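A.B. asks: Coordinates in coords-v9.txt, compact mmCIF, C-alpha atoms, are listed below.
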# COMPACT_ATOMS: atom_id res chain seq x y z
CA MET O 1 58.10 -49.57 -13.91
CA VAL O 2 55.97 -47.43 -16.22
CA GLU O 3 57.02 -44.07 -17.66
CA LEU O 4 54.27 -41.85 -19.02
CA GLY O 5 54.80 -39.57 -21.99
CA ALA O 6 58.35 -40.78 -22.38
CA GLY O 7 59.03 -38.89 -25.59
CA ASP O 8 62.01 -40.13 -27.55
CA GLY O 9 63.31 -42.42 -24.78
CA THR O 10 66.30 -40.24 -23.85
CA LYS O 11 65.61 -40.75 -20.14
CA LEU O 12 66.06 -44.52 -20.48
CA ALA O 13 69.78 -43.98 -19.93
CA CYS O 14 68.97 -42.62 -16.44
CA TYR O 15 67.40 -45.81 -15.10
CA PRO O 16 69.46 -48.09 -12.88
CA PRO O 17 70.37 -51.60 -13.96
CA GLY O 18 68.42 -54.54 -12.59
CA LEU O 19 64.87 -53.44 -13.40
CA ASP O 20 62.54 -56.30 -14.37
CA GLU O 21 60.90 -54.28 -17.14
CA ILE O 22 60.47 -50.68 -18.23
CA VAL O 23 57.20 -49.90 -19.99
CA ILE O 24 57.03 -46.63 -21.88
CA VAL O 25 53.67 -45.12 -22.77
CA GLU O 26 53.89 -42.64 -25.64
CA ALA O 27 50.99 -41.47 -27.82
CA ASP O 28 53.04 -39.88 -30.60
CA PRO O 29 54.03 -42.45 -33.28
CA SER O 30 57.32 -40.80 -34.24
CA LEU O 31 58.38 -40.45 -30.59
CA ARG O 32 57.40 -44.10 -29.98
CA GLN O 33 59.72 -45.15 -32.79
CA ALA O 34 62.55 -43.03 -31.41
CA ALA O 35 61.96 -44.57 -27.96
CA ARG O 36 62.17 -48.07 -29.47
CA GLU O 37 65.52 -47.16 -31.00
CA ALA O 38 66.77 -45.72 -27.68
CA ALA O 39 65.63 -48.90 -25.89
CA SER O 40 68.18 -50.96 -27.78
CA SER O 41 70.98 -49.40 -25.70
CA VAL O 42 69.45 -50.28 -22.30
CA SER O 43 70.15 -53.50 -20.42
CA ALA O 44 66.63 -53.85 -18.93
CA PRO O 45 63.80 -55.16 -21.10
CA VAL O 46 61.87 -52.19 -22.53
CA ARG O 47 58.37 -52.28 -23.94
CA VAL O 48 57.09 -49.20 -25.79
CA VAL O 49 53.30 -48.96 -26.06
CA ASP O 50 50.75 -46.58 -27.50
CA GLY O 51 48.43 -45.15 -24.92
CA SER O 52 46.41 -42.22 -23.77
CA LEU O 53 47.41 -40.45 -20.56
CA THR O 54 43.77 -40.55 -19.47
CA ARG O 55 43.26 -44.25 -20.27
CA LEU O 56 46.38 -46.28 -19.58
CA PRO O 57 46.57 -49.68 -21.33
CA PHE O 58 47.22 -51.67 -18.13
CA PRO O 59 45.18 -53.64 -15.62
CA ASP O 60 44.67 -52.44 -12.06
CA ASP O 61 47.67 -52.87 -9.73
CA PHE O 62 50.07 -53.33 -12.66
CA ALA O 63 53.13 -51.27 -11.71
CA ASP O 64 55.46 -50.87 -8.75
CA VAL O 65 56.53 -47.41 -9.93
CA VAL O 66 55.07 -44.85 -12.33
CA ILE O 67 57.27 -42.02 -13.59
CA CYS O 68 55.74 -38.70 -14.69
CA SER O 69 58.44 -36.49 -16.13
CA LEU O 70 57.61 -33.19 -17.79
CA MET O 71 54.27 -34.44 -19.06
CA LEU O 72 51.50 -33.37 -16.68
CA CYS O 73 51.64 -29.90 -18.27
CA SER O 74 50.43 -31.36 -21.56
CA SER O 75 47.93 -33.91 -20.29
CA PRO O 76 44.46 -32.93 -21.52
CA ARG O 77 43.16 -33.75 -18.01
CA PRO O 78 45.83 -34.05 -15.30
CA ASP O 79 43.20 -35.18 -12.78
CA ALA O 80 42.20 -38.11 -15.02
CA THR O 81 45.85 -38.94 -15.72
CA LEU O 82 46.63 -39.09 -12.00
CA ALA O 83 43.50 -41.17 -11.31
CA GLU O 84 44.79 -43.64 -13.92
CA VAL O 85 48.22 -43.63 -12.27
CA ARG O 86 46.55 -44.44 -8.95
CA ARG O 87 44.59 -47.27 -10.62
CA VAL O 88 47.62 -48.95 -12.21
CA LEU O 89 49.94 -48.57 -9.20
CA ARG O 90 50.14 -51.45 -6.77
CA ARG O 91 49.04 -50.73 -3.22
CA ASP O 92 52.61 -50.04 -2.05
CA GLY O 93 53.70 -48.44 -5.34
CA GLU O 94 55.22 -45.03 -5.88
CA LEU O 95 54.64 -42.13 -8.21
CA ARG O 96 57.95 -40.42 -8.97
CA PHE O 97 57.58 -37.06 -10.62
CA TYR O 98 59.62 -34.26 -12.14
CA GLU O 99 57.53 -31.45 -13.57
CA HIS O 100 57.84 -27.81 -14.43
CA THR O 101 55.30 -25.76 -12.54
CA ARG O 102 53.77 -22.34 -12.33
CA SER O 103 56.41 -19.82 -11.33
CA PHE O 104 57.14 -19.23 -7.67
CA ASN O 105 57.16 -15.50 -8.54
CA PRO O 106 53.55 -14.13 -8.63
CA VAL O 107 54.30 -11.67 -11.45
CA VAL O 108 55.83 -14.38 -13.66
CA ALA O 109 52.98 -16.76 -12.76
CA PHE O 110 50.50 -14.11 -13.95
CA ALA O 111 52.41 -13.76 -17.23
CA GLU O 112 52.42 -17.55 -17.68
CA GLY O 113 48.65 -17.49 -17.37
CA LEU O 114 48.43 -14.79 -20.02
CA ILE O 115 50.60 -16.64 -22.55
CA THR O 116 49.04 -20.09 -22.05
CA PRO O 117 46.33 -19.68 -24.75
CA VAL O 118 49.03 -19.04 -27.37
CA TRP O 119 51.75 -21.22 -25.86
CA ALA O 120 49.73 -24.43 -25.41
CA PRO O 121 48.72 -24.94 -29.07
CA ALA O 122 52.22 -24.05 -30.29
CA CYS O 123 54.08 -26.22 -27.75
CA GLY O 124 52.44 -29.64 -27.75
CA GLY O 125 49.70 -28.74 -25.29
CA CYS O 126 52.07 -27.47 -22.58
CA HIS O 127 50.31 -25.26 -20.04
CA PRO O 128 53.05 -23.24 -18.30
CA ALA O 129 50.72 -21.89 -15.60
CA ARG O 130 49.68 -25.32 -14.31
CA ASP O 131 50.41 -26.46 -10.79
CA PRO O 132 51.08 -30.20 -11.12
CA LEU O 133 51.94 -30.53 -7.43
CA ALA O 134 48.44 -29.42 -6.43
CA ALA O 135 46.97 -32.01 -8.80
CA ILE O 136 49.27 -34.73 -7.43
CA GLU O 137 48.38 -33.86 -3.83
CA LYS O 138 44.66 -34.39 -4.58
CA VAL O 139 45.34 -38.07 -5.35
CA PHE O 140 48.57 -38.97 -3.54
CA ALA O 141 50.44 -38.28 -0.32
CA VAL O 142 53.71 -36.60 -1.23
CA ARG O 143 56.54 -38.19 0.77
CA ARG O 144 59.51 -36.31 -0.64
CA LEU O 145 59.56 -32.97 -2.45
CA GLU O 146 62.10 -30.57 -3.91
CA ARG O 147 61.24 -27.18 -5.39
CA PHE O 148 63.84 -25.46 -7.53
CA SER O 149 64.35 -23.27 -10.58
CA PHE O 150 66.22 -24.47 -13.65
CA ASP O 151 66.82 -22.12 -16.58
CA HIS O 152 64.53 -19.60 -14.84
CA VAL O 153 61.65 -22.11 -14.85
CA ALA O 154 60.12 -23.41 -11.62
CA HIS O 155 60.22 -27.20 -11.11
CA VAL O 156 59.02 -29.74 -8.57
CA MET O 157 60.45 -33.21 -8.12
CA GLY O 158 59.43 -35.86 -5.64
CA VAL O 159 57.95 -39.16 -4.61
CA ALA O 160 54.32 -39.79 -3.75
CA ALA O 161 52.35 -42.82 -2.66
Please express what this file holds, its structure, as structure tokens.

C.D. replies:
Amino acid sequence: MVELGAGDGTKLACYPPGLDEIVIVEADPSLRQAAREAASSVSAPVRVVDGSLTRLPFPDDFADVVICSLMLCSSPRPDATLAEVRRVLRRDGELRFYEHTRSFNPVVAFAEGLITPVWAPACGGCHPARDPLAAIEKVFAVRRLERFSFDHVAHVMGVAA
């Protein structure tokens, strides 16, 4: 299993026991170190690697599962990131995703578009007006999908293959 943009490794505690290996890809050196520290409290073997979201450091057909969690908003090129996910996933592999998305309310979505030029540089490259589901659907067939709001922010969560 590969998790992209894993941040400080907090989500490691959410994974079930019995995984062969969890590989975390994180570009930020301080977050990689924090993820290494978080990995010490997990029963599965964890490998934390440096890597670009648009050039993953794995061979073709490497992973059974790739997790994208709150990171497609900050990918410099979501299309290239998802093409890399497709490349590293095995033929019967799954993309599991949880992402914030452009608001379901058209007025709020318009406002998100207006604030993006200021928001993105100040918030780690996050683009609040992005539609990650549309990007995912260009590369994968979505098999399960939930749309919901959390703290007044629109989210999508699902499984694609």

A.B. asks: Just want the 8 Å neighbourhood of range 119-132 of chain O, counted on all atoms listed in the file, with same-chain residues fewer than 4 positions away dropped. Output as a list in words.

C.D. replies: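 The residues satisfying every condition are Leu72, Cys73, Ser74, Ser75, Pro76, Pro78, Glu99, His100, Thr101, Arg102, Ser103, Ala109, Phe110, Glu112, Gly113, Ile115 and Ile136 of chain O.
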
A.B. asks: How about saving the chosen residues, C-alpha atoms kept, as a compact mmCIF listing (two decimals), in the coordinates of the input?

C.D. replies:
# COMPACT_ATOMS: atom_id res chain seq x y z
CA LEU O 72 51.50 -33.37 -16.68
CA CYS O 73 51.64 -29.90 -18.27
CA SER O 74 50.43 -31.36 -21.56
CA SER O 75 47.93 -33.91 -20.29
CA PRO O 76 44.46 -32.93 -21.52
CA PRO O 78 45.83 -34.05 -15.30
CA GLU O 99 57.53 -31.45 -13.57
CA HIS O 100 57.84 -27.81 -14.43
CA THR O 101 55.30 -25.76 -12.54
CA ARG O 102 53.77 -22.34 -12.33
CA SER O 103 56.41 -19.82 -11.33
CA ALA O 109 52.98 -16.76 -12.76
CA PHE O 110 50.50 -14.11 -13.95
CA GLU O 112 52.42 -17.55 -17.68
CA GLY O 113 48.65 -17.49 -17.37
CA ILE O 115 50.60 -16.64 -22.55
CA ILE O 136 49.27 -34.73 -7.43

A.B. asks: Taking all atoms listed in the file into account, name the residue in O:Cys14, O:Ile67, O:Val85, O:Ala6 that is nearest to Val49 in chain O.

C.D. replies: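 For Val49 in chain O, the nearest of the given residues is O:Ala6.
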
A.B. asks: Mind giving me the straight-line distance from CA of Ala111 in chain O to CA of Glu137 in chain O in Å, one decimal?

C.D. replies: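 CA of Ala111 in chain O sits 24.5 Å away from CA of Glu137 in chain O.
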
A.B. asks: Counting all atoms listed in the file, note down every residue that has an atom within 9 Å of the point (49.3, -51.3, -11.4) (file coordinates), as a ChimeraX atom specification.

C.D. replies: /O:58-66,85-91,93

A.B. asks: Which residues are near Gly18 in chain O? Cut-off 10 Å, only C-alpha atoms, ignore same chain within fewer than 6 positions. Put them as a list in words.

C.D. replies: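 My reading of the contact set: Ser43, Ala44 and Pro45 of chain O.
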
A.B. asks: Edge lengths and centre in Å to one decimal, as AutoDock Vina command-line options, is what I'm after for the box along x, y and z that holds all listed atoms of range 11-15 of chain O once 3 Å is added on each side.

C.D. replies:
--center_x 67.7 --center_y -43.3 --center_z -17.8 --size_x 10.2 --size_y 11.1 --size_z 11.4

A.B. asks: Rank O:Phe140, O:His155, O:Pro57, O:Thr116 by their smallest atom-to-atom distance to Phe104 in chain O, using all atoms listed in the file, and report the top residue only.

C.D. replies: O:His155

A.B. asks: At what distance in Å, to one decimal, does CA of Leu53 in chain O lie from CA of Lys11 in chain O?

C.D. replies: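 Computing it gives 18.2 Å between the two atoms.
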
A.B. asks: Tell me which of O:Arg96, O:Arg36, O:Arg55, O:Arg47 sits closest to Leu70 in chain O, counting all atoms listed in the file.

C.D. replies: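 For Leu70 in chain O, the nearest of the candidates is O:Arg96.
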
A.B. asks: Work out how far CA of Pro16 in chain O is from CA of Ala38 in chain O, in Å to one decimal.

C.D. replies: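 If I compute the distance from CA of Ala38 in chain O to CA of Pro16 in chain O, I get 15.2 Å.
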
A.B. asks: Where atoms are absent from range 9-20 of chain O, fill them in so it carries all heavy atoms, then output it as a PDB file, in the frame of the given file.

C.D. replies:
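The result, written out as rebuild.pdb:
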ATOM      1  N   GLY O   9      62.615 -41.382 -25.528  1.00  0.00           N
ATOM      2  CA  GLY O   9      63.310 -42.420 -24.780  1.00  0.00           C
ATOM      3  C   GLY O   9      64.660 -41.996 -24.224  1.00  0.00           C
ATOM      4  O   GLY O   9      65.387 -42.820 -23.669  1.00  0.00           O
ATOM      5  N   THR O  10      65.002 -40.735 -24.334  1.00  0.00           N
ATOM      6  CA  THR O  10      66.300 -40.240 -23.850  1.00  0.00           C
ATOM      7  C   THR O  10      66.526 -40.583 -22.387  1.00  0.00           C
ATOM      8  O   THR O  10      67.638 -40.917 -21.979  1.00  0.00           O
ATOM      9  CB  THR O  10      66.392 -38.714 -24.062  1.00  0.00           C
ATOM     10  OG1 THR O  10      66.244 -38.446 -25.445  1.00  0.00           O
ATOM     11  CG2 THR O  10      67.711 -38.168 -23.557  1.00  0.00           C
ATOM     12  N   LYS O  11      65.471 -40.514 -21.591  1.00  0.00           N
ATOM     13  CA  LYS O  11      65.610 -40.750 -20.140  1.00  0.00           C
ATOM     14  C   LYS O  11      65.878 -42.208 -19.795  1.00  0.00           C
ATOM     15  O   LYS O  11      66.216 -42.517 -18.656  1.00  0.00           O
ATOM     16  CB  LYS O  11      64.375 -40.239 -19.407  1.00  0.00           C
ATOM     17  CG  LYS O  11      64.238 -38.713 -19.471  1.00  0.00           C
ATOM     18  CD  LYS O  11      62.956 -38.255 -18.852  1.00  0.00           C
ATOM     19  CE  LYS O  11      61.859 -38.575 -19.817  1.00  0.00           C
ATOM     20  NZ  LYS O  11      60.677 -37.831 -19.835  1.00  0.00           N
ATOM     21  N   LEU O  12      65.759 -43.106 -20.758  1.00  0.00           N
ATOM     22  CA  LEU O  12      66.060 -44.520 -20.480  1.00  0.00           C
ATOM     23  C   LEU O  12      67.470 -44.703 -19.937  1.00  0.00           C
ATOM     24  O   LEU O  12      67.710 -45.569 -19.109  1.00  0.00           O
ATOM     25  CB  LEU O  12      65.876 -45.360 -21.741  1.00  0.00           C
ATOM     26  CG  LEU O  12      64.448 -45.650 -22.154  1.00  0.00           C
ATOM     27  CD1 LEU O  12      64.415 -46.281 -23.542  1.00  0.00           C
ATOM     28  CD2 LEU O  12      63.773 -46.543 -21.134  1.00  0.00           C
ATOM     29  N   ALA O  13      68.381 -43.880 -20.383  1.00  0.00           N
ATOM     30  CA  ALA O  13      69.780 -43.980 -19.930  1.00  0.00           C
ATOM     31  C   ALA O  13      69.928 -43.639 -18.440  1.00  0.00           C
ATOM     32  O   ALA O  13      70.941 -43.964 -17.837  1.00  0.00           O
ATOM     33  CB  ALA O  13      70.657 -43.058 -20.759  1.00  0.00           C
ATOM     34  N   CYS O  14      68.910 -43.027 -17.853  1.00  0.00           N
ATOM     35  CA  CYS O  14      68.970 -42.620 -16.440  1.00  0.00           C
ATOM     36  C   CYS O  14      68.539 -43.715 -15.477  1.00  0.00           C
ATOM     37  O   CYS O  14      68.751 -43.591 -14.266  1.00  0.00           O
ATOM     38  CB  CYS O  14      68.097 -41.388 -16.212  1.00  0.00           C
ATOM     39  SG  CYS O  14      68.597 -39.959 -17.177  1.00  0.00           S
ATOM     40  N   TYR O  15      67.918 -44.770 -15.977  1.00  0.00           N
ATOM     41  CA  TYR O  15      67.400 -45.810 -15.100  1.00  0.00           C
ATOM     42  C   TYR O  15      68.499 -46.747 -14.638  1.00  0.00           C
ATOM     43  O   TYR O  15      69.401 -47.081 -15.407  1.00  0.00           O
ATOM     44  CB  TYR O  15      66.268 -46.585 -15.779  1.00  0.00           C
ATOM     45  CG  TYR O  15      65.044 -45.733 -15.980  1.00  0.00           C
ATOM     46  CD1 TYR O  15      64.548 -45.470 -17.246  1.00  0.00           C
ATOM     47  CD2 TYR O  15      64.399 -45.153 -14.896  1.00  0.00           C
ATOM     48  CE1 TYR O  15      63.435 -44.675 -17.428  1.00  0.00           C
ATOM     49  CE2 TYR O  15      63.282 -44.354 -15.069  1.00  0.00           C
ATOM     50  CZ  TYR O  15      62.806 -44.120 -16.334  1.00  0.00           C
ATOM     51  OH  TYR O  15      61.713 -43.326 -16.504  1.00  0.00           O
ATOM     52  N   PRO O  16      68.416 -47.202 -13.393  1.00  0.00           N
ATOM     53  CA  PRO O  16      69.460 -48.090 -12.880  1.00  0.00           C
ATOM     54  C   PRO O  16      69.352 -49.491 -13.485  1.00  0.00           C
ATOM     55  O   PRO O  16      68.278 -49.900 -13.928  1.00  0.00           O
ATOM     56  CB  PRO O  16      69.167 -48.135 -11.373  1.00  0.00           C
ATOM     57  CG  PRO O  16      67.703 -47.886 -11.266  1.00  0.00           C
ATOM     58  CD  PRO O  16      67.378 -46.930 -12.386  1.00  0.00           C
ATOM     59  N   PRO O  17      70.437 -50.222 -13.476  1.00  0.00           N
ATOM     60  CA  PRO O  17      70.370 -51.600 -13.960  1.00  0.00           C
ATOM     61  C   PRO O  17      69.564 -52.463 -12.982  1.00  0.00           C
ATOM     62  O   PRO O  17      69.364 -52.084 -11.836  1.00  0.00           O
ATOM     63  CB  PRO O  17      71.838 -52.032 -13.990  1.00  0.00           C
ATOM     64  CG  PRO O  17      72.544 -51.108 -13.074  1.00  0.00           C
ATOM     65  CD  PRO O  17      71.765 -49.826 -13.045  1.00  0.00           C
ATOM     66  N   GLY O  18      69.108 -53.590 -13.464  1.00  0.00           N
ATOM     67  CA  GLY O  18      68.420 -54.540 -12.590  1.00  0.00           C
ATOM     68  C   GLY O  18      66.916 -54.419 -12.574  1.00  0.00           C
ATOM     69  O   GLY O  18      66.261 -55.159 -11.832  1.00  0.00           O
ATOM     70  N   LEU O  19      66.326 -53.534 -13.354  1.00  0.00           N
ATOM     71  CA  LEU O  19      64.870 -53.440 -13.400  1.00  0.00           C
ATOM     72  C   LEU O  19      64.302 -54.635 -14.160  1.00  0.00           C
ATOM     73  O   LEU O  19      64.884 -55.078 -15.153  1.00  0.00           O
ATOM     74  CB  LEU O  19      64.436 -52.144 -14.079  1.00  0.00           C
ATOM     75  CG  LEU O  19      64.800 -50.850 -13.354  1.00  0.00           C
ATOM     76  CD1 LEU O  19      64.467 -49.644 -14.229  1.00  0.00           C
ATOM     77  CD2 LEU O  19      64.069 -50.756 -12.036  1.00  0.00           C
ATOM     78  N   ASP O  20      63.169 -55.169 -13.690  1.00  0.00           N
ATOM     79  CA  ASP O  20      62.540 -56.300 -14.370  1.00  0.00           C
ATOM     80  C   ASP O  20      62.053 -55.923 -15.766  1.00  0.00           C
ATOM     81  O   ASP O  20      62.222 -56.669 -16.717  1.00  0.00           O
ATOM     82  CB  ASP O  20      61.360 -56.835 -13.558  1.00  0.00           C
ATOM     83  CG  ASP O  20      61.794 -57.467 -12.253  1.00  0.00           C
ATOM     84  OD1 ASP O  20      62.951 -57.928 -12.170  1.00  0.00           O
ATOM     85  OD2 ASP O  20      60.984 -57.492 -11.316  1.00  0.00           O
TER      86      ASP O  20
END
